[in-house]
Amino acid sequence: MTVHFSGFADELLDHAAVGRPFSELPTPAPLVDLAVLEANIAAMAAFFRGRPAHIRPHAKTHRAPAVARRQIAAGAPGVTCAKVSMAEAMVDGGITDVYVANQAISPWAIEHLCRLARRAKVAVAVDQADNVAQLSAAAVAHGVTVDVLVELDAGLGRCGVGPGEPALALAQAVARAPGLGFRGLHAYEGHVVQSADEARRRAETERMLEVTMETRDLLVRRGLPVHEVTCGGTGTYDISGVYPGVTEHQSGSYVYMDPGYHEKVPRFGLAFSLLCTVVSRPAPDRVVTDGGLQVLASSPAAAMAKGHPEFGPSRLSEEHGKFQTLDGSSSDLRVGDQIEVHPGHCCAAANLHDRVFAVRGGRVEAVWRATARGCSQ
Ligand SMILES: Cc1ncc(COP(=O)(O)O)c(C=O)c1O
C-alpha cells in the first residue's frame, strides 16, 4: 500500500519533531545549527549597520521564508531572488520587498512578476531593450509599477549590458517606459567572489565597481537619477559592501556557508549540514554513510565531515558518502554512528530539501519549510 501524506500530515510530522533529539531524525536529515545561523545573521547585520549600503540577502541559499524573516528582523529591507518563482514563494511567506536579480523573459515570468507587484514591492534586472518593452506592456496591462535595475557586465561575463553608452541607452529606455521605474544599476563580481587570492578578489571587485560608478556618473550627468547600485556576494561583503556609491549588497551564502567558502571568509560559520548515518565500515580507514549526491548535491568543492579532521574530502556517489582517513589510520566510527556532513556548496544542497531542521543543544527547535525549493522558473 502506498501512503500519501497530505500537507496536514506533513505539518503533524514537523510538529512531532520539535523538541526531540535531532539524533532521532531519519537520516540523511538537513540541519541548521541555530546558534551559528544567528551569529552569521548578526555578524552581517552588524557589519552593515551605520554604513551607506545595506544587506539584501540572496534567498537562493536557504529558500526558506523563516530564514528570510530573521534576516529582515536583523535590518535587511527585503531579499534578493534568483527567479520570479522564488520571489513568489518569498512573498507567499510574508516577505514584502523582493528584488529579482535576473532577467524575467518568458511570458510566464513577466506575467507572474507583474502579478507579484500587486502584492509586494518588486524590482527586476534588465539587460536588453526588447525585454524593457515587454515588461512595460505587461506592467501597464496589470496596472502596476515595476522597479527596474539595469544589469551591467562590468567583468563577470554572464548577463548584463556593456557599461557606458549601452547602459545609458537602456536606462533611458526604462525611464521612458510606462509602468516601469528606473531605480539604478546592478553589477555582480561573481567572477572573483570566491577567489582564494584575497588581493585579486579585492582588485577585481574594485575594478568592476570603478567601471560601474563611471556609468552611474554618466547616467546622472544625463539627467537620470541612480537610486541604487546593487552588487556583491559573501566573499566580497567587506570589499564591495563598503565601496563608495554601493547602496545594496546581495550576499547569500554567509547565512549557511560551506567549507570552501568558510576557508576564504572565516567570519561566517558553518551552519548547514546533513546528518548522516554510517552504514558500512568496509576497511579500517574507510567510512561509508547514507548521504550522497542526492542529498549533498554535486559541486566542484567536496563535502566535509564536521568534527572529523582525520578525513579527507568526501567521495560521493548517488546515495553514499565515502570518507577515508588522510593518513590511513583506523577510524573509531562504527556502523550506526551519526556524523554531520557540510556540503561542498550549501546553496545547491539546501535546494534538495523541502524542510530544514533548526537545531540547538542537540534538539530540534523548529522545522522550517524551504518553500522556494526548486523555484527556478
Ligand atoms: C546575482 C547574484 N548576487 C549575489 C549572489 C550571492 O553570492 P554568495 O552566495 O556568494 O553570497 C549570487 C550568487 O549566486 C548571484 O548570482
# chains A, B, ... in the order shown; residues from 1 in each chain; ligands from 1
$ residues_near_ligand --ligand "ligand 1" --cutoff "9 Å" --atoms "only C-alpha atoms and all ligand atoms" --output "count of residues only"
37
$ residues_around --residues "Phe357 in chain A" --least-positions-apart "6" --cutoff "7 Å" --atoms "only C-alpha atoms" --output "compact mmCIF listing (two decimals) with all heavy atoms, in the first residue's frame"
# COMPACT_ATOMS: atom_id res chain seq x y z
N PRO A 30 18.56 17.31 6.78
CA PRO A 30 19.20 18.64 6.71
C PRO A 30 19.04 19.39 8.03
O PRO A 30 17.93 19.50 8.55
CB PRO A 30 18.43 19.34 5.59
CG PRO A 30 17.11 18.65 5.53
CD PRO A 30 17.30 17.25 6.04
N LEU A 31 20.14 19.85 8.57
CA LEU A 31 20.15 20.57 9.86
C LEU A 31 20.66 21.98 9.68
O LEU A 31 21.58 22.23 8.89
CB LEU A 31 21.08 19.87 10.86
CG LEU A 31 20.90 18.40 11.17
CD1 LEU A 31 21.91 17.98 12.25
CD2 LEU A 31 19.48 18.10 11.64
N VAL A 32 20.09 22.88 10.45
CA VAL A 32 20.68 24.22 10.60
C VAL A 32 21.02 24.40 12.07
O VAL A 32 20.14 24.25 12.93
CB VAL A 32 19.71 25.32 10.13
CG1 VAL A 32 20.15 26.66 10.64
CG2 VAL A 32 19.65 25.37 8.62
N VAL A 364 15.73 19.46 18.19
CA VAL A 364 15.07 20.21 17.12
C VAL A 364 14.26 21.33 17.77
O VAL A 364 13.38 21.06 18.60
CB VAL A 364 14.14 19.30 16.29
CG1 VAL A 364 13.39 20.11 15.24
CG2 VAL A 364 14.92 18.15 15.65
N ALA A 366 12.89 23.96 15.74
CA ALA A 366 11.85 24.34 14.77
C ALA A 366 12.09 23.56 13.49
O ALA A 366 13.20 23.05 13.24
CB ALA A 366 11.93 25.84 14.48
N VAL A 367 11.03 23.46 12.70
CA VAL A 367 11.16 22.86 11.36
C VAL A 367 10.75 23.94 10.37
O VAL A 367 9.64 24.47 10.46
CB VAL A 367 10.28 21.61 11.20
CG1 VAL A 367 10.53 20.96 9.84
CG2 VAL A 367 10.55 20.61 12.32
N TRP A 368 11.67 24.31 9.49
CA TRP A 368 11.40 25.39 8.55
C TRP A 368 11.18 24.81 7.16
O TRP A 368 11.97 23.98 6.68
CB TRP A 368 12.58 26.36 8.49
CG TRP A 368 12.78 27.13 9.75
CD1 TRP A 368 11.85 27.43 10.71
CD2 TRP A 368 14.02 27.70 10.21
NE1 TRP A 368 12.42 28.16 11.72
CE2 TRP A 368 13.74 28.33 11.44
CE3 TRP A 368 15.32 27.75 9.69
CZ2 TRP A 368 14.73 29.00 12.17
CZ3 TRP A 368 16.29 28.41 10.41
CH2 TRP A 368 16.00 29.03 11.63
$ closest_residue --among "A:Ala167, A:Ala87, A:Val150, A:Leu180" --to "Ala137 in chain A" --atoms "only C-alpha atoms"
A:Leu180
$ residues_around --residues "Val192 in chain A" --least-positions-apart "3" --cutoff "10 Å" --atoms "only C-alpha atoms" --output "number ranges by chain"
A: 155-156, 188-189, 195-198, 200-205, 233, 235-236
$ select_by_dssp --residues "range 121-360 of chain A" --states "strand (DSSP E or B)" --output "PyMOL selection string"
chain A and resi 121-126+146-152+161+180-186+228-231+248-249+272-283+286-289+304-305+311+315-316+321-325+338-342+355-360
$ atom_distance --atom1 "CA of Gly321 in chain A" --atom2 "CA of Asp258 in chain A"
16.6 Å
